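Peer 1: Next comes the structure file start.cif, holding mmCIF, C-alpha atoms and all ligand atoms.
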```cif
data_coords
loop_
_atom_site.label_atom_id
_atom_site.label_comp_id
_atom_site.auth_asym_id
_atom_site.auth_seq_id
_atom_site.Cartn_x
_atom_site.Cartn_y
_atom_site.Cartn_z
CA MET A 1 -6.96 29.43 46.97
CA ALA A 2 -10.32 27.79 46.51
CA LYS A 3 -10.44 24.04 46.92
CA LEU A 4 -11.18 22.38 43.57
CA MET A 5 -12.36 18.80 43.26
CA MET A 6 -12.18 16.24 40.48
CA PHE A 7 -14.41 13.16 40.57
CA HIS A 8 -13.14 10.41 38.31
CA GLY A 9 -13.48 6.70 37.58
CA ARG A 10 -10.54 4.32 37.22
CA GLU A 11 -11.95 2.67 34.08
CA CYS A 12 -13.54 5.77 32.56
CA PRO A 13 -11.84 6.59 29.23
CA HIS A 14 -12.72 10.28 29.55
CA CYS A 15 -10.88 10.41 32.85
CA ARG A 16 -7.91 8.55 31.39
CA ARG A 17 -7.63 11.24 28.76
CA MET A 18 -8.08 14.11 31.20
CA MET A 19 -5.59 12.91 33.84
CA PRO A 20 -2.40 13.83 31.93
CA LEU A 21 -3.93 17.24 31.16
CA VAL A 22 -4.71 17.75 34.82
CA ASP A 23 -1.15 16.71 35.75
CA ARG A 24 0.29 19.15 33.24
CA LEU A 25 -1.94 21.96 34.46
CA GLU A 26 -1.04 21.34 38.09
CA LYS A 27 2.66 21.57 37.24
CA GLU A 28 2.31 24.62 35.04
CA GLU A 29 0.10 26.54 37.42
CA GLY A 30 1.49 25.23 40.69
CA LEU A 31 -1.86 24.14 42.05
CA ILE A 32 -3.51 20.87 43.00
CA LEU A 33 -6.97 19.48 42.34
CA GLU A 34 -8.30 17.13 44.98
CA LYS A 35 -9.06 13.85 43.22
CA PHE A 36 -11.75 11.37 44.18
CA GLU A 37 -12.00 7.99 42.46
CA VAL A 38 -15.65 7.02 42.78
CA TRP A 39 -16.12 3.39 41.67
CA HIS A 40 -13.47 1.79 43.84
CA ASP A 41 -13.86 3.97 46.91
CA GLU A 42 -17.26 4.12 48.60
CA LYS A 43 -16.38 7.17 50.67
CA ASN A 44 -15.53 9.12 47.56
CA ALA A 45 -18.69 7.84 45.87
CA ASP A 46 -20.83 9.01 48.78
CA LEU A 47 -19.10 12.36 48.69
CA MET A 48 -19.96 12.78 45.01
CA ARG A 49 -23.53 11.62 45.70
CA SER A 50 -23.84 14.22 48.44
CA TYR A 51 -23.44 16.89 45.73
CA ARG A 52 -25.89 15.19 43.36
CA ASP A 53 -28.41 18.05 43.43
CA ILE A 54 -25.75 20.47 42.22
CA LEU A 55 -23.79 18.19 39.87
CA ALA A 56 -26.47 16.17 38.06
CA PRO A 57 -28.40 19.10 36.53
CA ARG A 58 -25.14 20.33 35.04
CA CYS A 59 -24.12 16.92 33.68
CA GLY A 60 -27.06 15.66 31.66
CA GLY A 61 -29.15 14.87 34.74
CA GLN A 62 -26.75 12.23 36.05
CA LEU A 63 -23.54 11.83 38.00
CA ARG A 64 -20.87 11.51 35.36
CA THR A 65 -17.10 11.30 35.26
CA PRO A 66 -15.00 13.28 35.09
CA THR A 67 -16.64 16.11 36.98
CA PHE A 68 -14.71 19.18 38.06
CA PHE A 69 -16.27 20.99 40.96
CA ASN A 70 -15.75 24.10 43.03
CA PRO A 71 -17.65 23.36 46.25
CA GLU A 72 -17.47 26.99 47.38
CA SER A 73 -19.09 28.59 44.36
CA GLY A 74 -20.95 25.50 43.11
CA ASP A 75 -19.36 25.84 39.67
CA VAL A 76 -19.33 22.56 37.72
CA MET A 77 -17.68 21.33 34.54
CA CYS A 78 -18.05 17.76 33.35
CA GLY A 79 -16.77 15.48 30.64
CA GLU A 80 -13.72 15.53 28.43
CA VAL A 81 -12.59 19.04 27.48
CA GLU A 82 -9.59 20.54 25.74
CA TYR A 83 -6.57 21.68 27.70
CA GLU A 84 -7.28 25.37 27.22
CA ARG A 85 -10.81 25.01 28.49
CA LEU A 86 -9.71 23.02 31.51
CA LYS A 87 -7.06 25.63 32.23
CA ALA A 88 -9.51 28.49 31.94
CA TRP A 89 -12.01 26.80 34.24
CA VAL A 90 -9.41 25.90 36.86
CA LYS A 91 -7.74 29.32 36.82
CA LYS A 92 -11.03 31.14 37.12
CA ASN A 93 -12.19 28.96 39.99
CA ALA A 94 -8.84 28.91 41.76
CA ALA A 95 -8.76 32.69 41.72
CA GLU A 96 -12.25 33.02 43.17
CA GLY A 97 -11.31 31.86 46.64
CA ARG A 98 -8.45 34.35 47.02
CA ASP A 99 -8.84 37.43 49.15
CA MET B 100 -45.76 -4.88 36.94
CA LYS B 101 -43.03 -7.09 35.54
CA LYS B 102 -43.13 -10.79 36.34
CA SER B 103 -41.23 -13.96 35.52
CA TRP B 104 -42.53 -16.37 32.92
CA ARG B 105 -41.36 -19.85 31.87
CA CYS B 106 -41.83 -21.57 28.51
CA PHE B 107 -43.21 -24.97 29.53
CA VAL B 108 -41.71 -26.58 26.45
CA CYS B 109 -38.05 -25.52 26.75
CA ASN B 110 -37.74 -23.67 30.10
CA ASP B 111 -36.86 -20.34 28.50
CA ILE B 112 -37.26 -17.62 31.13
CA HIS B 113 -38.82 -14.29 30.30
CA TYR B 114 -39.08 -11.26 32.57
CA GLY B 115 -41.63 -8.67 31.56
CA THR B 116 -45.17 -7.39 31.84
CA LYS B 117 -46.43 -10.05 29.42
CA PRO B 118 -44.94 -13.22 27.94
CA PRO B 119 -43.79 -13.40 24.30
CA GLU B 120 -46.39 -14.94 22.01
CA VAL B 121 -43.73 -17.07 20.31
CA CYS B 122 -40.91 -18.54 22.38
CA PRO B 123 -37.71 -17.11 20.89
CA THR B 124 -35.81 -20.29 21.76
CA CYS B 125 -38.04 -23.19 20.73
CA GLY B 126 -40.60 -21.37 18.61
CA VAL B 127 -43.69 -22.80 20.26
CA ARG B 128 -46.70 -20.47 20.56
CA HIS B 129 -48.54 -19.45 23.73
CA ALA B 130 -46.32 -21.58 25.92
CA TYR B 131 -45.44 -19.18 28.72
CA VAL B 132 -46.73 -19.62 32.23
CA GLU B 133 -46.18 -17.20 35.10
CA ILE B 134 -43.76 -18.37 37.80
CA SER B 135 -42.27 -16.89 40.97
CA THR B 136 -38.97 -15.01 40.95
CA GLU B 137 -37.53 -17.79 43.14
CA GLU B 138 -38.50 -20.44 40.61
CA ALA B 139 -37.07 -18.39 37.79
CA GLN B 140 -33.81 -18.07 39.69
CA LYS B 141 -33.65 -21.80 40.43
CA ILE B 142 -34.19 -22.71 36.81
CA ARG B 143 -31.40 -20.42 35.74
CA LEU B 144 -28.89 -21.45 38.39
CA PRO B 145 -27.65 -24.86 37.21
CA SER B 146 -26.69 -23.54 33.80
CA SER B 147 -25.31 -20.25 35.01
CA ALA B 148 -21.76 -20.75 33.84
CA PRO B 149 -19.76 -17.58 34.48
CA PHE B 150 -20.55 -14.90 31.93
CA THR B 151 -17.13 -13.65 30.98
CA LYS B 152 -15.90 -10.43 29.43
CA ASP B 153 -15.56 -12.28 26.12
CA ASP B 154 -19.18 -13.45 26.36
CA PHE B 155 -20.24 -9.87 26.95
CA ARG B 156 -18.08 -8.64 24.08
CA ARG B 157 -19.75 -11.18 21.79
CA ALA B 158 -23.21 -10.24 23.09
CA ILE B 159 -22.76 -6.51 22.50
CA THR B 160 -21.16 -7.08 19.09
CA ASP B 161 -24.17 -9.16 18.10
CA PHE B 162 -26.51 -6.56 19.61
CA ALA B 163 -24.78 -3.82 17.62
CA SER B 164 -24.88 -5.79 14.37
CA ARG B 165 -28.66 -5.60 14.50
CA ASN B 166 -28.60 -1.84 15.01
CA ALA B 167 -27.30 1.36 13.46
CA PHE B 168 -24.22 1.47 15.66
CA ARG B 169 -21.16 -0.67 16.22
CA VAL B 170 -18.75 -1.45 19.02
CA ASN B 171 -15.93 1.13 18.96
CA ALA B 172 -12.96 0.03 16.81
CA ASP B 173 -10.60 1.38 19.50
CA ALA B 174 -9.86 -1.98 21.16
CA GLU B 175 -7.97 -0.47 24.08
CA ARG B 176 -10.87 1.79 24.96
CA VAL B 177 -13.31 -1.11 24.75
CA GLU B 178 -11.06 -3.22 26.97
CA THR B 179 -10.88 -0.46 29.59
CA LEU B 180 -14.65 -0.13 29.58
CA LEU B 181 -15.23 -3.87 29.86
CA GLU B 182 -12.83 -3.98 32.80
CA GLY B 183 -14.84 -1.25 34.51
CA ILE B 184 -18.17 -2.85 33.72
CA PHE B 185 -17.08 -6.19 35.15
CA ALA B 186 -15.41 -4.59 38.17
CA ASN B 187 -18.67 -2.76 38.86
CA GLU B 188 -20.65 -5.97 38.62
CA ALA B 189 -18.24 -7.69 41.03
CA ASN B 190 -18.17 -4.80 43.49
CA HIS B 191 -21.63 -3.28 43.13
CA GLY B 192 -23.87 -6.08 41.84
CA LEU B 193 -24.70 -4.97 38.31
CA LYS B 194 -22.90 -3.96 35.14
CA TYR B 195 -22.92 -0.26 35.87
CA CYS B 196 -21.48 2.22 33.39
CA PRO B 197 -17.86 3.07 34.29
CA CYS B 198 -18.27 6.70 33.21
CA ARG B 199 -21.12 7.52 35.53
CA LEU B 200 -21.91 6.85 39.18
CA SER B 201 -24.77 4.99 40.79
CA THR B 202 -26.98 7.04 43.11
CA LYS B 203 -28.22 4.31 45.51
CA ASP B 204 -31.71 4.89 44.08
CA PHE B 205 -32.20 1.48 42.46
CA ALA B 206 -34.79 2.59 39.90
CA GLU B 207 -32.52 5.45 38.84
CA ASP B 208 -29.48 3.18 38.68
CA LEU B 209 -31.24 0.78 36.31
CA LYS B 210 -30.67 3.51 33.72
CA ILE B 211 -26.89 3.13 33.88
CA ILE B 212 -26.57 -0.61 33.34
CA CYS B 213 -24.49 -1.30 30.26
CA PRO B 214 -25.65 -1.21 27.52
CA CYS B 215 -27.86 1.64 28.54
CA ASN B 216 -30.42 3.41 26.36
CA PHE B 217 -27.73 5.60 24.84
CA LEU B 218 -29.84 6.46 21.77
CA ILE B 219 -31.16 9.31 23.90
CA HIS B 220 -27.75 10.59 25.03
CA GLU B 221 -26.85 14.09 23.88
CA THR B 222 -23.59 12.54 22.68
CA TYR B 223 -25.58 10.31 20.30
CA ALA B 224 -28.98 11.72 19.37
CA GLY B 225 -28.82 14.26 16.56
CA GLN B 226 -25.04 13.88 16.20
CA GLU B 227 -23.53 12.86 12.91
CA LYS B 228 -20.84 10.81 14.64
CA GLY B 229 -22.78 9.91 17.73
CA GLU B 230 -21.51 7.65 20.47
CA CYS B 231 -22.74 6.45 23.83
CA TRP B 232 -21.57 8.55 26.76
CA CYS B 233 -18.49 6.33 27.19
CA GLY B 234 -17.78 5.70 23.53
CA LEU B 235 -18.32 1.94 23.78
CA PHE B 236 -20.81 2.22 20.91
CA VAL B 237 -20.44 4.59 17.97
CA LYS B 238 -22.66 5.37 15.01
CA ARG B 239 -21.84 3.48 11.86
S1 LIG C 1 -22.78 4.96 28.11
FE1 LIG C 1 -21.93 3.30 26.83
S2 LIG C 1 -20.53 2.17 28.21
FE2 LIG C 1 -21.88 3.46 29.49
S3 LIG C 1 -23.61 2.09 30.01
FE3 LIG C 1 -24.20 3.20 28.19
S4 LIG C 1 -23.62 1.85 26.51
FE4 LIG C 1 -22.52 1.14 28.29
ZN ZN C 2 -39.64 -22.36 24.48
#
```
Since I need it in another form, could you write the structure as structure tokens?
Ligand code: SF4
Ligand SMILES: [Zn+2]
Peer 2:
Amino acid sequence: MAKLMMFHGRECPHCRRMMPLVDRLEKEEGLILEKFEVWHDEKNADLMRSYRDILAPRCGGQLRTPTFFNPESGDVMCGEVEYERLKAWVKKNAAEGRD
Amino acid sequence: MKKSWRCFVCNDIHYGTKPPEVCPTCGVRHAYVEISTEEAQKIRLPSSAPFTKDDFRRAITDFASRNAFRVNADAERVETLLEGIFANEANHGLKYCPCRLSTKDFAEDLKIICPCNFLIHETYAGQEKGECWCGLFVKR
């Protein structure tokens, strides 16, 4: 299964809303997103910055939270989205890495 | 280039490319003289009582009252954002937006100091119910 990443901020209201949806999805689908809090962890912040050239153009030209990212394919989704859209994105990207 | 200026009547400090014609604090005209950044900092230091979350809340409420937007009525959301903004100032030096990430390019990061120029955000411009990226400010 492809590794999927979620960059989030502890005090970002979009992330607060998305977290329970991510939890639910992980349980329902039996998969895990790797989560990186970026304002209280410099290593995570630098990791997100290292993908700036890929992420920013897809997120209004800036690094924004939350950002969902498939480092293998370079697919990006950012901001608050509905459960069905999150699910569709995650399932599509999770499937991509499988042989 | 932006410089520091001091009103020689009331010690108001202005940072910009040119000084205001009328001092916004004491009202005197043509009273600004250019000073060094160090001097500007020294003048501001003695009175720099901590600027608290409540001060900031008051400042942005006042700022919004003069504009076509208001601070979000969702108090919990506002509180979360203010916590993030103040945590970012404590940990990273400036009041960076909690819903975005600094890049380490200082000029670029000046664009994400709260309140940012959200009138250009795609979540605000052209939207009937526009809001800043984080939803701290919403259209009236
Ligand atoms: S998007 Fe909203 S909360 Fe974020 S910096 Fe701009 S005004 Fe502040
Ligand atoms: Zn003055």
Peer 1: Kindly indicate which residue among A:Glu96, A:Val90, A:Pro57, A:Pro66 lies nearest to Arg17 in chain A, using only C-alpha atoms for the distances.
Peer 2: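 Among the listed residues, A:Pro66 lies closest to Arg17 in chain A.
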Peer 1: Within 12 Å of chain A, which residues of chain B show up when using only C-alpha atoms, listed as a PyMOL selection string?
Peer 2: chain B and resi 173-191+194-204+207-208+210-211+219-222+232-235
Peer 1: With all atoms listed in the file counted, collect every polymer residue having an atom within 6 Å of ligand ZN 2 (chain C); state the result as a PyMOL selection string.
Peer 2: chain B and resi 106+108-109+111+122+124-125+127
Peer 1: So, with all atoms listed in the file as the atoms that count, which of B:Phe205, B:Tyr131, B:Phe150, B:Phe162 lies closest to ligand LIG 1 (chain C)?
Peer 2: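 Ranking B:Phe205, B:Tyr131, B:Phe150, B:Phe162 by distance to ligand LIG 1 (chain C), first place goes to B:Phe162.
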Peer 1: Contacts of Ile112 in chain B at 10 Å or less, counting only C-alpha atoms, minus same-chain residues fewer than 4 places along, as number ranges by chain?
Peer 2: B: 103-107, 118, 122, 124, 131-134, 138-140, 142-143
Peer 1: Under the rule that all atoms listed in the file are counted, which of B:Gly126, B:Pro214, B:Pro119, B:Leu209 is the nearest residue to Val170 in chain B?
Peer 2: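 Ranked by minimum distance to Val170 in chain B, first place goes to B:Pro214.
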Peer 1: Which residue gives the smallest distance to ligand LIG 1 (chain C) among B:Tyr114, B:Phe155, B:Phe217, B:Phe168, with all atoms listed in the file counted?
Peer 2: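 Selected residue with least distance to ligand LIG 1 (chain C): B:Phe217.
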Peer 1: May I have the centre and edge lengths, in Å to one decimal, of an axis-aligned box around the listed atoms of range 36-46 of chain A with 4 Å added to every side, as lines of an AutoDock Vina configuration file?
Peer 2:
```
center_x = -16.3
center_y = 6.6
center_z = 46.2
size_x = 17.1
size_y = 17.6
size_z = 17.0
```
Peer 1: Have a look at B:Gly229, B:Arg156, B:Cys215, B:Lys238 and name the one nearest to ligand LIG 1 (chain C); count only C-alpha atoms and all ligand atoms.
Peer 2: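 That would be B:Cys215, the residue with the smallest distance to ligand LIG 1 (chain C).
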Peer 1: Would you mind listing what lies within 10 Å of Lys91 in chain A as a PyMOL selection string, with all atoms listed in the file counted and same-chain residues fewer than 4 positions away left out?
Peer 2: chain A and resi 25+29+31+85-87+95-96
Peer 1: Using all atoms listed in the file, which of B:Lys102, B:Ala224, B:Val237, B:Ile212 sits nearest ligand LIG 1 (chain C)?
Peer 2: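 Using all atoms listed in the file, ligand LIG 1 (chain C) sits closest to B:Ile212.
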Peer 1: Quick one: distance from CA of Met18 in chain A to CA of Glu80 in chain A in Å, one decimal?
Peer 2: 6.4 Å
Peer 1: Quick check, in Å to one decimal: how far apart do CA of Cys59 in chain A and CA of Ser73 in chain A lie?
Peer 2: 16.6 Å
Peer 1: Just how far from CA of Asp75 in chain A is CA of Asp23 in chain A, in Å to one decimal?
Peer 2: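 About the pair CA of Asp23 in chain A and CA of Asp75 in chain A: they are 20.7 Å apart.
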Peer 1: Which polymer residues have any atom within 10 Å of an atom of Glu34 in chain A, counting all atoms listed in the file, with same-chain residues fewer than 3 positions away left out, as number ranges by chain?
Peer 2: A: 3-7, 31, 68-69
Peer 1: Selected residues, C-alpha atoms, written as a PDB file, in the coordinates of the input, please.
Peer 2:
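File written: result04.pdb
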```pdb
ATOM      1  CA  LYS A   3     -10.440  24.040  46.920  1.00  0.00           C
ATOM      2  CA  LEU A   4     -11.180  22.380  43.570  1.00  0.00           C
ATOM      3  CA  MET A   5     -12.360  18.800  43.260  1.00  0.00           C
ATOM      4  CA  MET A   6     -12.180  16.240  40.480  1.00  0.00           C
ATOM      5  CA  PHE A   7     -14.410  13.160  40.570  1.00  0.00           C
ATOM      6  CA  LEU A  31      -1.860  24.140  42.050  1.00  0.00           C
ATOM      7  CA  PHE A  68     -14.710  19.180  38.060  1.00  0.00           C
ATOM      8  CA  PHE A  69     -16.270  20.990  40.960  1.00  0.00           C
TER       9      PHE A  69
END
```
Peer 1: Please rebuild range 78-89 of chain A with all heavy atoms and give the result as a compact mmCIF listing (two decimals), in the frame of the given file.
Peer 2:
```txt
# COMPACT_ATOMS: atom_id res chain seq x y z
N CYS A 78 -18.21 19.21 33.43
CA CYS A 78 -18.05 17.76 33.35
C CYS A 78 -17.72 17.29 31.96
O CYS A 78 -17.94 17.97 30.97
CB CYS A 78 -19.25 17.03 33.94
SG CYS A 78 -20.80 17.47 33.23
N GLY A 79 -17.14 16.10 31.91
CA GLY A 79 -16.77 15.48 30.64
C GLY A 79 -15.35 15.83 30.21
O GLY A 79 -14.59 16.48 30.93
N GLU A 80 -15.04 15.33 29.00
CA GLU A 80 -13.72 15.53 28.43
C GLU A 80 -13.67 16.90 27.76
O GLU A 80 -14.53 17.20 26.94
CB GLU A 80 -13.55 14.45 27.36
CG GLU A 80 -12.20 13.81 27.30
CD GLU A 80 -12.20 12.67 26.30
OE1 GLU A 80 -12.91 11.67 26.52
OE2 GLU A 80 -11.50 12.79 25.29
N VAL A 81 -12.71 17.72 28.13
CA VAL A 81 -12.59 19.04 27.48
C VAL A 81 -11.14 19.25 27.05
O VAL A 81 -10.24 18.55 27.49
CB VAL A 81 -13.01 20.19 28.43
CG1 VAL A 81 -14.47 20.10 28.81
CG2 VAL A 81 -12.14 20.23 29.68
N GLU A 82 -10.94 20.25 26.19
CA GLU A 82 -9.59 20.54 25.74
C GLU A 82 -8.79 21.23 26.83
O GLU A 82 -9.36 21.84 27.73
CB GLU A 82 -9.66 21.40 24.49
CG GLU A 82 -9.86 20.49 23.31
CD GLU A 82 -10.19 21.19 22.03
OE1 GLU A 82 -9.99 22.42 21.96
OE2 GLU A 82 -10.64 20.48 21.13
N TYR A 83 -7.45 21.14 26.67
CA TYR A 83 -6.57 21.68 27.70
C TYR A 83 -6.86 23.14 28.03
O TYR A 83 -6.94 23.51 29.19
CB TYR A 83 -5.11 21.53 27.26
CG TYR A 83 -4.14 22.00 28.31
CD1 TYR A 83 -3.99 21.26 29.49
CD2 TYR A 83 -3.42 23.18 28.17
CE1 TYR A 83 -3.12 21.70 30.48
CE2 TYR A 83 -2.56 23.62 29.15
CZ TYR A 83 -2.42 22.87 30.31
OH TYR A 83 -1.57 23.31 31.30
N GLU A 84 -7.07 23.93 26.98
CA GLU A 84 -7.28 25.37 27.22
C GLU A 84 -8.55 25.63 28.03
O GLU A 84 -8.61 26.53 28.85
CB GLU A 84 -7.32 26.14 25.88
CG GLU A 84 -5.94 26.25 25.22
CD GLU A 84 -4.85 26.77 26.16
OE1 GLU A 84 -5.12 27.73 26.92
OE2 GLU A 84 -3.72 26.22 26.13
N ARG A 85 -9.55 24.82 27.77
CA ARG A 85 -10.81 25.01 28.49
C ARG A 85 -10.67 24.58 29.95
O ARG A 85 -11.17 25.24 30.87
CB ARG A 85 -11.93 24.22 27.79
CG ARG A 85 -13.25 24.61 28.32
CD ARG A 85 -14.41 24.34 27.38
NE ARG A 85 -15.60 24.23 28.21
CZ ARG A 85 -16.49 23.27 28.13
NH1 ARG A 85 -16.39 22.35 27.20
NH2 ARG A 85 -17.51 23.24 28.96
N LEU A 86 -9.97 23.48 30.15
CA LEU A 86 -9.71 23.02 31.51
C LEU A 86 -8.94 24.09 32.27
O LEU A 86 -9.29 24.46 33.40
CB LEU A 86 -8.89 21.71 31.47
CG LEU A 86 -8.38 21.20 32.82
CD1 LEU A 86 -9.53 20.63 33.65
CD2 LEU A 86 -7.28 20.15 32.64
N LYS A 87 -7.91 24.61 31.62
CA LYS A 87 -7.06 25.63 32.23
C LYS A 87 -7.88 26.86 32.60
O LYS A 87 -7.76 27.38 33.72
CB LYS A 87 -5.94 25.99 31.25
CG LYS A 87 -4.93 26.96 31.78
CD LYS A 87 -3.78 27.05 30.79
CE LYS A 87 -2.94 28.28 31.06
NZ LYS A 87 -1.82 28.35 30.10
N ALA A 88 -8.71 27.29 31.68
CA ALA A 88 -9.51 28.49 31.94
C ALA A 88 -10.46 28.26 33.12
O ALA A 88 -10.59 29.12 34.00
CB ALA A 88 -10.31 28.86 30.68
N TRP A 89 -11.07 27.10 33.15
CA TRP A 89 -12.01 26.80 34.24
C TRP A 89 -11.27 26.76 35.59
O TRP A 89 -11.70 27.37 36.57
CB TRP A 89 -12.73 25.47 33.99
CG TRP A 89 -13.83 25.20 34.98
CD1 TRP A 89 -15.14 25.55 34.86
CD2 TRP A 89 -13.72 24.53 36.25
NE1 TRP A 89 -15.85 25.16 35.98
CE2 TRP A 89 -15.01 24.53 36.85
CE3 TRP A 89 -12.66 23.95 36.96
CZ2 TRP A 89 -15.26 23.97 38.10
CZ3 TRP A 89 -12.92 23.39 38.22
CH2 TRP A 89 -14.20 23.41 38.77
```
